[in-house]
file protein-v8.pdb (PDB, C-alpha atoms and all ligand atoms)
ATOM      1  CA  MET E 238      -1.998 -23.358 -15.232
ATOM      2  CA  GLU E 239       0.329 -21.927 -12.628
ATOM      3  CA  ILE E 240      -0.192 -18.210 -12.066
ATOM      4  CA  LYS E 241       3.452 -17.389 -11.305
ATOM      5  CA  SER E 242       4.794 -18.786 -14.573
ATOM      6  CA  TYR E 243       1.840 -17.335 -16.527
ATOM      7  CA  LEU E 244       2.506 -13.848 -15.112
ATOM      8  CA  ASN E 245       6.215 -14.165 -15.759
ATOM      9  CA  GLU E 246       5.755 -15.296 -19.340
ATOM     10  CA  GLN E 247       3.224 -12.527 -20.083
ATOM     11  CA  ARG E 248       5.376  -9.887 -18.410
ATOM     12  CA  LEU E 249       8.355 -10.851 -20.566
ATOM     13  CA  PHE E 250       6.169 -10.866 -23.704
ATOM     14  CA  ILE E 251       5.065  -7.301 -22.940
ATOM     15  CA  GLU E 252       8.491  -6.033 -21.922
ATOM     16  CA  LYS E 253       9.951  -7.451 -25.152
ATOM     17  CA  ALA E 254       7.391  -5.377 -27.066
ATOM     18  CA  PHE E 255       8.768  -2.155 -25.528
ATOM     19  CA  ALA E 256      11.706  -2.558 -27.937
ATOM     20  CA  THR E 257       9.275  -2.201 -30.856
ATOM     21  CA  TYR E 258       6.774   0.255 -29.441
ATOM     22  CA  ILE E 259       8.708   2.650 -27.214
ATOM     23  CA  PRO E 260      11.102   5.148 -28.803
ATOM     24  CA  GLU E 261      14.816   4.675 -28.276
ATOM     25  CA  ALA E 262      16.710   7.236 -26.214
ATOM     26  CA  LYS E 263      18.715   8.778 -29.038
ATOM     27  CA  GLY E 264      18.776  11.982 -31.030
ATOM     28  CA  ASP E 265      17.619  15.436 -29.920
ATOM     29  CA  PHE E 266      15.160  14.133 -27.324
ATOM     30  CA  SER E 267      17.357  11.411 -25.869
ATOM     31  CA  ASP E 268      17.401  12.791 -22.294
ATOM     32  CA  HIS E 269      13.610  13.138 -22.246
ATOM     33  CA  ILE E 270      13.056   9.674 -23.716
ATOM     34  CA  GLN E 271      15.609   8.231 -21.308
ATOM     35  CA  ALA E 272      13.560   9.673 -18.421
ATOM     36  CA  MET E 273      10.390   8.078 -19.864
ATOM     37  CA  ARG E 274      12.139   4.738 -20.339
ATOM     38  CA  TYR E 275      13.627   4.865 -16.837
ATOM     39  CA  SER E 276      10.232   4.529 -15.167
ATOM     40  CA  LEU E 277       8.715   2.288 -17.811
ATOM     41  CA  THR E 278      11.517  -0.262 -17.568
ATOM     42  CA  ALA E 279      12.054   0.041 -13.808
ATOM     43  CA  GLY E 280       9.972  -3.088 -13.179
ATOM     44  CA  GLY E 281       6.340  -3.386 -12.238
ATOM     45  CA  LYS E 282       3.884  -6.239 -12.382
ATOM     46  CA  ARG E 283       2.415  -5.240 -15.793
ATOM     47  CA  ILE E 284      -1.031  -6.201 -14.519
ATOM     48  CA  ARG E 285      -2.980  -3.881 -16.855
ATOM     49  CA  PRO E 286      -1.416  -5.112 -20.117
ATOM     50  CA  ILE E 287      -1.668  -8.707 -18.879
ATOM     51  CA  LEU E 288      -5.380  -8.203 -18.149
ATOM     52  CA  CYS E 289      -5.829  -6.784 -21.639
ATOM     53  CA  MET E 290      -4.254  -9.854 -23.255
ATOM     54  CA  ALA E 291      -6.139 -12.246 -20.926
ATOM     55  CA  ALA E 292      -9.505 -10.613 -21.714
ATOM     56  CA  ALA E 293      -8.825 -10.948 -25.443
ATOM     57  CA  GLN E 294      -8.042 -14.627 -24.912
ATOM     58  CA  ALA E 295     -11.271 -15.162 -22.953
ATOM     59  CA  VAL E 296     -13.500 -13.862 -25.718
ATOM     60  CA  GLU E 297     -14.860 -16.171 -28.414
ATOM     61  CA  GLY E 298     -14.882 -13.403 -31.030
ATOM     62  CA  GLU E 299     -12.850 -13.184 -34.208
ATOM     63  CA  HIS E 300      -9.389 -14.690 -33.972
ATOM     64  CA  VAL E 301      -6.987 -11.992 -32.903
ATOM     65  CA  ASP E 302      -3.258 -12.397 -33.070
ATOM     66  CA  PRO E 303      -1.867 -11.391 -29.631
ATOM     67  CA  GLN E 304       0.718  -9.346 -31.534
ATOM     68  CA  ASP E 305      -2.094  -7.053 -32.706
ATOM     69  CA  LEU E 306      -2.942  -6.213 -29.115
ATOM     70  CA  LEU E 307       0.597  -5.445 -28.052
ATOM     71  CA  PRO E 308       0.408  -1.721 -28.961
ATOM     72  CA  VAL E 309      -2.738  -1.510 -26.789
ATOM     73  CA  ALA E 310      -1.045  -3.409 -23.955
ATOM     74  CA  CYS E 311       2.032  -1.157 -24.131
ATOM     75  CA  ALA E 312      -0.173   1.952 -24.229
ATOM     76  CA  LEU E 313      -1.911   0.854 -21.014
ATOM     77  CA  GLU E 314       1.440   0.397 -19.287
ATOM     78  CA  CYS E 315       2.592   3.832 -20.519
ATOM     79  CA  ILE E 316      -0.508   5.469 -19.033
ATOM     80  CA  HIS E 317      -0.161   3.569 -15.771
ATOM     81  CA  THR E 318       3.547   4.461 -15.513
ATOM     82  CA  TYR E 319       2.852   8.141 -16.222
ATOM     83  CA  SER E 320       0.336   8.136 -13.363
ATOM     84  CA  LEU E 321       2.946   6.687 -11.002
ATOM     85  CA  VAL E 322       5.603   9.237 -12.074
ATOM     86  CA  HIS E 323       3.210  12.134 -11.476
ATOM     87  CA  ASP E 324       1.782  10.603  -8.289
ATOM     88  CA  ASP E 325       5.295  10.466  -6.803
ATOM     89  CA  LEU E 326       6.000  14.176  -7.413
ATOM     90  CA  PRO E 327       6.456  16.495  -4.430
ATOM     91  CA  ALA E 328       3.170  18.250  -5.282
ATOM     92  CA  MET E 329       1.329  14.930  -4.989
ATOM     93  CA  ASP E 330       2.442  11.996  -2.810
ATOM     94  CA  ASN E 331       6.062  13.174  -2.629
ATOM     95  CA  ASP E 332       7.691   9.754  -2.730
ATOM     96  CA  ASP E 333      11.307   8.866  -3.358
ATOM     97  CA  LEU E 334      10.958   5.128  -4.010
ATOM     98  CA  ARG E 335       8.972   3.335  -6.720
ATOM     99  CA  ARG E 336       9.339  -0.148  -8.168
ATOM    100  CA  GLY E 337      12.326  -0.563  -5.867
ATOM    101  CA  LYS E 338      14.197   2.356  -7.424
ATOM    102  CA  ALA E 339      14.556   6.112  -6.962
ATOM    103  CA  THR E 340      11.469   7.909  -8.257
ATOM    104  CA  ASN E 341      11.731   9.737 -11.555
ATOM    105  CA  HIS E 342      11.978  13.253 -10.112
ATOM    106  CA  ILE E 343      14.670  12.198  -7.617
ATOM    107  CA  LEU E 344      16.855  10.995 -10.481
ATOM    108  CA  HIS E 345      15.948  13.398 -13.297
ATOM    109  CA  GLY E 346      14.567  16.451 -11.496
ATOM    110  CA  GLU E 347      10.962  17.638 -11.245
ATOM    111  CA  ALA E 348      10.610  19.302 -14.628
ATOM    112  CA  ALA E 349      12.008  16.273 -16.455
ATOM    113  CA  ALA E 350       9.753  13.934 -14.443
ATOM    114  CA  ILE E 351       6.636  15.953 -15.271
ATOM    115  CA  LEU E 352       7.598  15.865 -18.941
ATOM    116  CA  ALA E 353       8.415  12.141 -18.781
ATOM    117  CA  GLY E 354       4.865  11.574 -17.497
ATOM    118  CA  ASP E 355       3.412  13.835 -20.189
ATOM    119  CA  GLY E 356       5.481  12.010 -22.805
ATOM    120  CA  LEU E 357       4.288   8.576 -21.629
ATOM    121  CA  LEU E 358       0.638   9.626 -21.617
ATOM    122  CA  THR E 359       0.812  11.139 -25.069
ATOM    123  CA  TRP E 360       2.873   8.278 -26.479
ATOM    124  CA  ALA E 361       0.110   5.909 -25.395
ATOM    125  CA  PHE E 362      -2.326   7.629 -27.743
ATOM    126  CA  ASP E 363       0.267   7.660 -30.514
ATOM    127  CA  LEU E 364       0.536   3.871 -30.128
ATOM    128  CA  LEU E 365      -3.225   3.381 -30.001
ATOM    129  CA  SER E 366      -3.941   5.461 -33.091
ATOM    130  CA  ASN E 367      -0.919   4.608 -35.246
ATOM    131  CA  PRO E 368      -2.233   3.012 -38.478
ATOM    132  CA  ALA E 369       1.113   1.223 -38.913
ATOM    133  CA  HIS E 370       0.571  -0.908 -35.788
ATOM    134  CA  GLY E 371      -1.246  -4.241 -35.991
ATOM    135  CA  THR E 372      -4.301  -5.163 -37.986
ATOM    136  CA  LEU E 373      -7.123  -4.098 -35.672
ATOM    137  CA  SER E 374      -9.822  -2.286 -37.655
ATOM    138  CA  SER E 375     -10.138   1.501 -37.347
ATOM    139  CA  ASP E 376     -13.553   0.998 -35.698
ATOM    140  CA  LYS E 377     -12.043  -1.189 -32.984
ATOM    141  CA  LYS E 378      -9.114   1.183 -32.502
ATOM    142  CA  LEU E 379     -11.453   4.151 -32.114
ATOM    143  CA  ARG E 380     -13.582   2.294 -29.582
ATOM    144  CA  ILE E 381     -10.489   1.243 -27.617
ATOM    145  CA  ILE E 382      -9.120   4.807 -27.673
ATOM    146  CA  HIS E 383     -12.385   6.123 -26.282
ATOM    147  CA  ILE E 384     -12.523   3.484 -23.522
ATOM    148  CA  ILE E 385      -8.944   4.224 -22.449
ATOM    149  CA  ALA E 386      -9.214   8.024 -22.753
ATOM    150  CA  ARG E 387     -12.409   8.079 -20.690
ATOM    151  CA  ALA E 388     -10.898   5.840 -17.996
ATOM    152  CA  SER E 389      -7.653   7.823 -17.767
ATOM    153  CA  GLY E 390      -9.056  11.336 -17.682
ATOM    154  CA  SER E 391     -11.172  13.630 -15.549
ATOM    155  CA  LEU E 392     -14.052  11.158 -15.224
ATOM    156  CA  GLY E 393     -11.613   8.377 -14.323
ATOM    157  CA  MET E 394      -8.060   8.207 -12.998
ATOM    158  CA  VAL E 395      -7.234  11.938 -13.076
ATOM    159  CA  GLY E 396     -10.574  12.821 -11.463
ATOM    160  CA  GLY E 397     -10.021  10.169  -8.786
ATOM    161  CA  GLN E 398      -6.546  11.471  -8.043
ATOM    162  CA  ALA E 399      -7.906  15.033  -7.752
ATOM    163  CA  LEU E 400     -10.602  13.858  -5.333
ATOM    164  CA  ASP E 401      -8.055  11.858  -3.351
ATOM    165  CA  ILE E 402      -5.719  14.842  -2.952
ATOM    166  CA  ALA E 403      -8.551  17.250  -2.128
ATOM    167  CA  ASN E 404      -9.627  14.951   0.706
ATOM    168  CA  GLU E 405      -6.258  14.359   2.383
ATOM    169  CA  ASN E 406      -6.516  14.844   6.158
ATOM    170  CA  LYS E 407     -10.300  15.171   5.928
ATOM    171  CA  THR E 408     -13.125  13.053   7.208
ATOM    172  CA  PHE E 409     -15.525  12.046   4.470
ATOM    173  CA  PRO E 410     -18.298   9.531   3.900
ATOM    174  CA  PHE E 411     -17.424   5.991   2.813
ATOM    175  CA  SER E 412     -19.170   6.653  -0.532
ATOM    176  CA  THR E 413     -16.431   9.210  -1.347
ATOM    177  CA  LEU E 414     -13.762   6.579  -0.686
ATOM    178  CA  GLN E 415     -15.598   4.238  -3.064
ATOM    179  CA  THR E 416     -15.626   6.956  -5.750
ATOM    180  CA  ILE E 417     -11.905   7.650  -5.229
ATOM    181  CA  HIS E 418     -11.050   3.953  -5.529
ATOM    182  CA  SER E 419     -13.259   3.198  -8.523
ATOM    183  CA  SER E 420     -11.994   6.189 -10.489
ATOM    184  CA  LYS E 421      -8.341   6.437  -9.410
ATOM    185  CA  THR E 422      -7.563   2.722  -9.625
ATOM    186  CA  GLY E 423     -10.583   0.813 -10.908
ATOM    187  CA  ALA E 424     -11.213   2.763 -14.109
ATOM    188  CA  LEU E 425      -7.908   1.946 -15.841
ATOM    189  CA  ILE E 426      -8.057  -1.680 -14.692
ATOM    190  CA  THR E 427     -11.587  -2.039 -16.098
ATOM    191  CA  ALA E 428     -10.536  -0.265 -19.299
ATOM    192  CA  SER E 429      -7.627  -2.707 -19.694
ATOM    193  CA  VAL E 430     -10.047  -5.639 -19.625
ATOM    194  CA  LEU E 431     -12.510  -3.935 -21.989
ATOM    195  CA  ALA E 432      -9.821  -2.855 -24.440
ATOM    196  CA  GLY E 433      -8.641  -6.454 -24.852
ATOM    197  CA  ALA E 434     -12.208  -7.694 -25.178
ATOM    198  CA  VAL E 435     -13.124  -5.099 -27.829
ATOM    199  CA  GLY E 436      -9.933  -5.927 -29.720
ATOM    200  CA  ALA E 437     -10.974  -9.592 -29.801
ATOM    201  CA  GLY E 438     -14.489  -8.788 -31.034
ATOM    202  CA  ALA E 439     -16.485  -9.340 -27.815
ATOM    203  CA  ASP E 440     -20.276  -9.001 -28.093
ATOM    204  CA  GLU E 441     -22.256  -6.625 -25.867
ATOM    205  CA  LYS E 442     -23.207  -9.358 -23.368
ATOM    206  CA  GLN E 443     -19.570 -10.326 -22.938
ATOM    207  CA  LEU E 444     -18.555  -6.688 -22.582
ATOM    208  CA  THR E 445     -21.140  -6.140 -19.844
ATOM    209  CA  ALA E 446     -19.881  -9.190 -17.932
ATOM    210  CA  LEU E 447     -16.239  -8.192 -18.375
ATOM    211  CA  GLU E 448     -16.938  -4.626 -17.286
ATOM    212  CA  GLN E 449     -18.384  -5.969 -14.028
ATOM    213  CA  TYR E 450     -15.398  -8.308 -13.666
ATOM    214  CA  GLY E 451     -13.053  -5.333 -14.197
ATOM    215  CA  LYS E 452     -14.847  -3.232 -11.601
ATOM    216  CA  GLN E 453     -14.672  -5.994  -9.003
ATOM    217  CA  ILE E 454     -10.985  -6.772  -9.518
ATOM    218  CA  GLY E 455     -10.279  -3.018  -9.595
ATOM    219  CA  LEU E 456     -11.929  -2.737  -6.198
ATOM    220  CA  ALA E 457     -10.048  -5.778  -4.868
ATOM    221  CA  PHE E 458      -6.793  -4.382  -6.261
ATOM    222  CA  GLN E 459      -7.168  -1.076  -4.423
ATOM    223  CA  ILE E 460      -8.346  -2.678  -1.178
ATOM    224  CA  VAL E 461      -5.279  -4.956  -1.232
ATOM    225  CA  ASP E 462      -3.118  -1.929  -2.041
ATOM    226  CA  ASP E 463      -4.502  -0.220   1.070
ATOM    227  CA  LEU E 464      -3.841  -3.353   3.121
ATOM    228  CA  LEU E 465      -0.280  -3.740   1.857
ATOM    229  CA  ASN E 466       0.434  -0.066   2.480
ATOM    230  CA  ALA E 467      -0.630  -0.586   6.102
ATOM    231  CA  THR E 468       0.909  -4.011   6.750
ATOM    232  CA  ALA E 469       3.882  -4.734   4.416
ATOM    233  CA  THR E 470       7.403  -3.355   4.529
ATOM    234  CA  THR E 471       9.031  -0.862   2.151
ATOM    235  CA  GLU E 472      11.426  -3.630   1.017
ATOM    236  CA  GLN E 473       8.541  -5.956   0.142
ATOM    237  CA  LEU E 474       6.633  -3.254  -1.733
ATOM    238  CA  GLY E 475       9.492  -1.479  -3.522
ATOM    239  CA  LYS E 476       7.680   1.736  -2.560
ATOM    240  CA  THR E 477       7.230   3.540   0.729
ATOM    241  CA  ALA E 478       5.087   1.541   3.155
ATOM    242  CA  GLY E 479       2.818   3.379   5.593
ATOM    243  CA  SER E 480       2.542   6.419   3.304
ATOM    244  CA  ASP E 481      -1.284   6.442   3.405
ATOM    245  CA  ALA E 482      -1.354   7.019   7.166
ATOM    246  CA  GLU E 483       1.396   9.618   6.891
ATOM    247  CA  LEU E 484      -0.495  11.554   4.221
ATOM    248  CA  GLY E 485      -3.739  11.343   6.187
ATOM    249  CA  LYS E 486      -5.498   9.240   3.533
ATOM    250  CA  ALA E 487      -8.734   7.448   4.256
ATOM    251  CA  THR E 488      -8.372   3.769   3.367
ATOM    252  CA  TYR E 489     -10.335   0.537   3.763
ATOM    253  CA  PRO E 490      -8.308  -0.552   6.815
ATOM    254  CA  ALA E 491      -8.912   2.877   8.362
ATOM    255  CA  TYR E 492     -12.690   2.414   7.936
ATOM    256  CA  PHE E 493     -13.012  -1.278   8.681
ATOM    257  CA  GLY E 494      -9.800  -2.568  10.305
ATOM    258  CA  VAL E 495      -7.470  -5.113   8.700
ATOM    259  CA  GLU E 496      -9.519  -8.298   9.139
ATOM    260  CA  LYS E 497     -12.827  -6.960   7.769
ATOM    261  CA  THR E 498     -10.901  -5.340   4.930
ATOM    262  CA  ARG E 499      -9.404  -8.698   3.956
ATOM    263  CA  ILE E 500     -12.891 -10.198   3.807
ATOM    264  CA  LYS E 501     -14.086  -7.347   1.579
ATOM    265  CA  ALA E 502     -11.206  -7.913  -0.835
ATOM    266  CA  LYS E 503     -11.949 -11.648  -0.911
ATOM    267  CA  ASN E 504     -15.635 -10.969  -1.600
ATOM    268  CA  ALA E 505     -14.784  -8.645  -4.484
ATOM    269  CA  VAL E 506     -12.576 -11.363  -6.020
ATOM    270  CA  SER E 507     -15.342 -13.897  -5.655
ATOM    271  CA  CYS E 508     -17.869 -11.494  -7.308
ATOM    272  CA  ALA E 509     -15.351 -10.923 -10.117
ATOM    273  CA  LYS E 510     -15.103 -14.653 -10.789
ATOM    274  CA  ASP E 511     -18.920 -14.950 -10.712
ATOM    275  CA  CYS E 512     -19.018 -12.489 -13.629
ATOM    276  CA  LEU E 513     -17.133 -15.046 -15.730
ATOM    277  CA  THR E 514     -19.641 -17.924 -15.480
ATOM    278  CA  GLU E 515     -20.628 -17.579 -19.153
ATOM    279  CA  PHE E 516     -16.987 -17.898 -20.241
ATOM    280  CA  ASP E 517     -15.212 -21.217 -20.848
ATOM    281  CA  ASP E 518     -11.677 -22.389 -20.071
ATOM    282  CA  LYS E 519     -10.164 -19.621 -22.143
ATOM    283  CA  ALA E 520     -11.090 -17.289 -19.280
ATOM    284  CA  GLU E 521      -8.927 -19.292 -16.859
ATOM    285  CA  PRO E 522      -6.177 -16.610 -16.847
ATOM    286  CA  LEU E 523      -8.790 -13.996 -15.861
ATOM    287  CA  ARG E 524      -9.932 -16.229 -12.975
ATOM    288  CA  LEU E 525      -6.349 -16.784 -11.824
ATOM    289  CA  LEU E 526      -5.583 -13.071 -12.134
ATOM    290  CA  ALA E 527      -8.526 -12.314  -9.841
ATOM    291  CA  ASP E 528      -7.101 -14.692  -7.222
ATOM    292  CA  TYR E 529      -3.613 -13.270  -7.671
ATOM    293  CA  ILE E 530      -4.869  -9.743  -7.029
ATOM    294  CA  TYR E 531      -6.027 -10.919  -3.596
ATOM    295  CA  THR E 532      -2.928 -12.928  -2.729
ATOM    296  CA  ARG E 533      -0.246 -10.606  -4.149
ATOM    297  CA  SER E 534       2.468  -9.488  -1.751
ATOM    298  CA  HIS E 535       3.555  -6.277  -3.530
TER     299      HIS E 535
HETATM  300  C1  LIG E 601      -1.188  11.327 -11.174
HETATM  301  C2  LIG E 601      -3.146  11.308 -12.753
HETATM  302  C3  LIG E 601      -2.434  10.708 -11.652
HETATM  303  C4  LIG E 601      -2.942   9.602 -11.112
HETATM  304  C5  LIG E 601      -2.287   8.834 -10.085
HETATM  305  C6  LIG E 601      -2.020   5.479 -10.020
HETATM  306  C7  LIG E 601      -2.287   6.643  -9.154
HETATM  307  C8  LIG E 601      -3.155   7.704  -9.692
HETATM  308  C9  LIG E 601      -1.709   6.768  -7.971
HETATM  309  C10 LIG E 601      -0.741   5.787  -7.436
HETATM  310  C11 LIG E 601      -0.974   5.636  -5.998
HETATM  311  C12 LIG E 601      -1.691   4.399  -5.670
HETATM  312  C13 LIG E 601      -1.190   3.656  -4.524
HETATM  313  C14 LIG E 601      -2.717   3.994  -6.374
HETATM  314  C15 LIG E 601      -3.465   2.808  -6.073
HETATM  315  C16 LIG E 601      -3.163   1.538  -6.773
HETATM  316  C17 LIG E 601      -2.095   1.544  -7.712
HETATM  317  C18 LIG E 601      -2.354   2.166  -8.987
HETATM  318  C19 LIG E 601      -0.964   0.946  -7.363
HETATM  319  C20 LIG E 601       0.191   0.795  -8.232
HETATM  320  O1  LIG E 601      -0.068  -0.121  -9.258
HETATM  321  P1  LIG E 601       0.684  -1.511  -9.393
HETATM  322  O2  LIG E 601       0.669  -2.222  -8.083
HETATM  323  O3  LIG E 601       2.162  -0.996  -9.658
HETATM  324  O4  LIG E 601       0.144  -2.245 -10.566
HETATM  325  P2  LIG E 601       3.335  -1.665 -10.520
HETATM  326  O5  LIG E 601       4.568  -0.946 -10.060
HETATM  327  O6  LIG E 601       3.377  -3.131 -10.240
HETATM  328  O7  LIG E 601       3.018  -1.364 -11.944
END
call {"tool": "encode", "arguments": {"input": "protein-v8.pdb", "output": "structure tokens"}}
result
Amino acid sequence: MEIKSYLNEQRLFIEKAFATYIPEAKGDFSDHIQAMRYSLTAGGKRIRPILCMAAAQAVEGEHVDPQDLLPVACALECIHTYSLVHDDLPAMDNDDLRRGKATNHILHGEAAAILAGDGLLTWAFDLLSNPAHGTLSSDKKLRIIHIIARASGSLGMVGGQALDIANENKTFPFSTLQTIHSSKTGALITASVLAGAVGAGADEKQLTALEQYGKQIGLAFQIVDDLLNATATTEQLGKTAGSDAELGKATYPAYFGVEKTRIKAKNAVSCAKDCLTEFDDKAEPLRLLADYIYTRSH
């Protein structure tokens, strides 16, 4: 399997589902929904929904129609996109470029961007809990909702963002950087893997292995993000390069230098793949995704 065509095919599958699962910009709330849709459809690698679908494929549980997981996959992308919209606000990272386009608040204004983020976050839980979507059992849906809520909130992504902002321009121990990374970035990535696995009926042993896999690729993802921020160009990234240094953020390259950081990312990818030894060929996309996270250029 070739990773580029796999990613492309999966990305299109997920983006096609937006037509079904994301409200249309019409009626009384059309401006608000348009602002939500602007960021959601602006591009993006769709890594979290792809991981969700790949984890479901890897598991030998009950047969699950990929269509049944699409609301979960779309919900993950809504939550991720909301976090980007809010992260770009002047009160946070104050960025004007995201996914190669003007950030939400630059185009729609701050109030509309905040509400677009709020709308995306809340819509995710509408999608996850809607009894009309798919045939996943209520038990599975509830478990998935809890996994995603826990990973997105104060003990996960939101908490990590708060810690990150509180520590700008400060010196802090490496363990704090690890906590920031694992909560701000790693938690939603791990939850994406677990959500797909739960949807496909994974047993506890498989869930433990996939949780470790998720944590390792989450770590690799953030380390590579740090590296790209320090070494790639704004054109390559579609977002402002060099912003970490400008905002006084502690990063892996700042602690270890570029070369050692690359080795750490590679090690995390290798640990992630080691977590998949009990899985057969159906986990091939998860293995390729781990490699891709290391080699990605944006
Ligand atoms: C505002 C609650 C809140 C959280 C923000 C996601 C985040 C937390 C901040 C974004 C800043 C950042 C660089 C985070 C690290 C890694 C990351 C999430 C990068 C962006 O994700 P990609 O590369 O983006 O998957 P695309 O655009 O491809 O979806």
call {"tool": "residues_near_ligand", "arguments": {"input": "protein-v8.pdb", "ligand": "ligand LIG 601 (chain E)", "cutoff": "6 Å", "atoms": "all atoms listed in the file", "output": "PyMOL selection string"}}
result
chain E and resi 281-284+320-321+323-324+336+394-395+398+421-422+459+462
call {"tool": "atom_distance", "arguments": {"input": "protein-v8.pdb", "atom1": "CA of Met290 in chain E", "atom2": "CA of Gly433 in chain E"}}
result
5.8 Å
call {"tool": "closest_residue", "arguments": {"input": "protein-v8.pdb", "among": "E:Leu513, E:Ala437, E:Leu414, E:Ile343", "to": "Tyr492 in chain E", "atoms": "all atoms listed in the file"}}
result
E:Leu414
call {"tool": "resolve_selection", "arguments": {"input": "protein-v8.pdb", "expression": "the PyMOL selection byres (((chain E and resi 354) around 9) and not hetatm)", "output": "ChimeraX atom specification"}}
result
/E:272-273,315-316,318-323,349-353,355-359
call {"tool": "write_last_selection", "arguments": {"input": "protein-v8.pdb", "atoms": "C-alpha atoms", "output": "PDB file, in the coordinates of the input"}}
result
ATOM      1  CA  ALA E 272      13.560   9.673 -18.421  1.00  0.00           C
ATOM      2  CA  MET E 273      10.390   8.078 -19.864  1.00  0.00           C
ATOM      3  CA  CYS E 315       2.592   3.832 -20.519  1.00  0.00           C
ATOM      4  CA  ILE E 316      -0.508   5.469 -19.033  1.00  0.00           C
ATOM      5  CA  THR E 318       3.547   4.461 -15.513  1.00  0.00           C
ATOM      6  CA  TYR E 319       2.852   8.141 -16.222  1.00  0.00           C
ATOM      7  CA  SER E 320       0.336   8.136 -13.363  1.00  0.00           C
ATOM      8  CA  LEU E 321       2.946   6.687 -11.002  1.00  0.00           C
ATOM      9  CA  VAL E 322       5.603   9.237 -12.074  1.00  0.00           C
ATOM     10  CA  HIS E 323       3.210  12.134 -11.476  1.00  0.00           C
ATOM     11  CA  ALA E 349      12.008  16.273 -16.455  1.00  0.00           C
ATOM     12  CA  ALA E 350       9.753  13.934 -14.443  1.00  0.00           C
ATOM     13  CA  ILE E 351       6.636  15.953 -15.271  1.00  0.00           C
ATOM     14  CA  LEU E 352       7.598  15.865 -18.941  1.00  0.00           C
ATOM     15  CA  ALA E 353       8.415  12.141 -18.781  1.00  0.00           C
ATOM     16  CA  ASP E 355       3.412  13.835 -20.189  1.00  0.00           C
ATOM     17  CA  GLY E 356       5.481  12.010 -22.805  1.00  0.00           C
ATOM     18  CA  LEU E 357       4.288   8.576 -21.629  1.00  0.00           C
ATOM     19  CA  LEU E 358       0.638   9.626 -21.617  1.00  0.00           C
ATOM     20  CA  THR E 359       0.812  11.139 -25.069  1.00  0.00           C
TER      21      THR E 359
END
call {"tool": "residues_around", "arguments": {"input": "protein-v8.pdb", "residues": "Phe409 in chain E", "least_positions_apart": "3", "cutoff": "12 Å", "atoms": "only C-alpha atoms", "output": "list in words"}}
result
Leu400, Asp401, Ala403, Asn404, Glu405, Asn406, Ser412, Thr413, Leu414, Gln415, Thr416, Ile417, Gly485, Lys486, Ala487, Thr488, Ala491 and Tyr492 of chain E
call {"tool": "closest_residue", "arguments": {"input": "protein-v8.pdb", "among": "E:Ala310, E:Leu365, E:Ala446, E:Leu392", "to": "Leu379 in chain E", "atoms": "only C-alpha atoms"}}
result
E:Leu365
call {"tool": "build_atoms", "arguments": {"input": "protein-v8.pdb", "residues": "range 329-337 of chain E", "atoms": "N, CA, C and O atoms", "output": "mmCIF file, keeping the file's coordinate frame"}}
result
data_model
loop_
_atom_site.group_PDB
_atom_site.id
_atom_site.type_symbol
_atom_site.label_atom_id
_atom_site.label_comp_id
_atom_site.auth_asym_id
_atom_site.auth_seq_id
_atom_site.Cartn_x
_atom_site.Cartn_y
_atom_site.Cartn_z
ATOM 1 N N MET E 329 2.354 15.962 -5.233
ATOM 2 C CA MET E 329 1.329 14.930 -4.989
ATOM 3 C C MET E 329 1.760 14.096 -3.778
ATOM 4 O O MET E 329 1.792 14.597 -2.679
ATOM 5 N N ASP E 330 2.142 12.821 -3.991
ATOM 6 C CA ASP E 330 2.442 11.996 -2.810
ATOM 7 C C ASP E 330 3.869 12.163 -2.292
ATOM 8 O O ASP E 330 4.211 11.638 -1.234
ATOM 9 N N ASN E 331 4.707 12.842 -3.065
ATOM 10 C CA ASN E 331 6.062 13.174 -2.629
ATOM 11 C C ASN E 331 6.840 11.945 -2.171
ATOM 12 O O ASN E 331 7.251 11.861 -1.018
ATOM 13 N N ASP E 332 7.022 11.009 -3.093
ATOM 14 C CA ASP E 332 7.691 9.754 -2.730
ATOM 15 C C ASP E 332 9.053 9.656 -3.405
ATOM 16 O O ASP E 332 9.238 10.186 -4.497
ATOM 17 N N ASP E 333 9.979 8.975 -2.739
ATOM 18 C CA ASP E 333 11.307 8.866 -3.358
ATOM 19 C C ASP E 333 11.649 7.446 -3.804
ATOM 20 O O ASP E 333 12.747 7.194 -4.299
ATOM 21 N N LEU E 334 10.704 6.518 -3.623
ATOM 22 C CA LEU E 334 10.958 5.128 -4.010
ATOM 23 C C LEU E 334 9.767 4.572 -4.779
ATOM 24 O O LEU E 334 8.622 4.689 -4.339
ATOM 25 N N ARG E 335 10.042 3.943 -5.919
ATOM 26 C CA ARG E 335 8.972 3.335 -6.720
ATOM 27 C C ARG E 335 9.563 2.156 -7.483
ATOM 28 O O ARG E 335 10.620 2.260 -8.058
ATOM 29 N N ARG E 336 8.870 1.057 -7.487
ATOM 30 C CA ARG E 336 9.339 -0.148 -8.168
ATOM 31 C C ARG E 336 10.771 -0.489 -7.737
ATOM 32 O O ARG E 336 11.610 -0.906 -8.527
ATOM 33 N N GLY E 337 11.028 -0.223 -6.453
ATOM 34 C CA GLY E 337 12.326 -0.563 -5.867
ATOM 35 C C GLY E 337 13.453 0.360 -6.265
ATOM 36 O O GLY E 337 14.612 0.090 -5.965
#
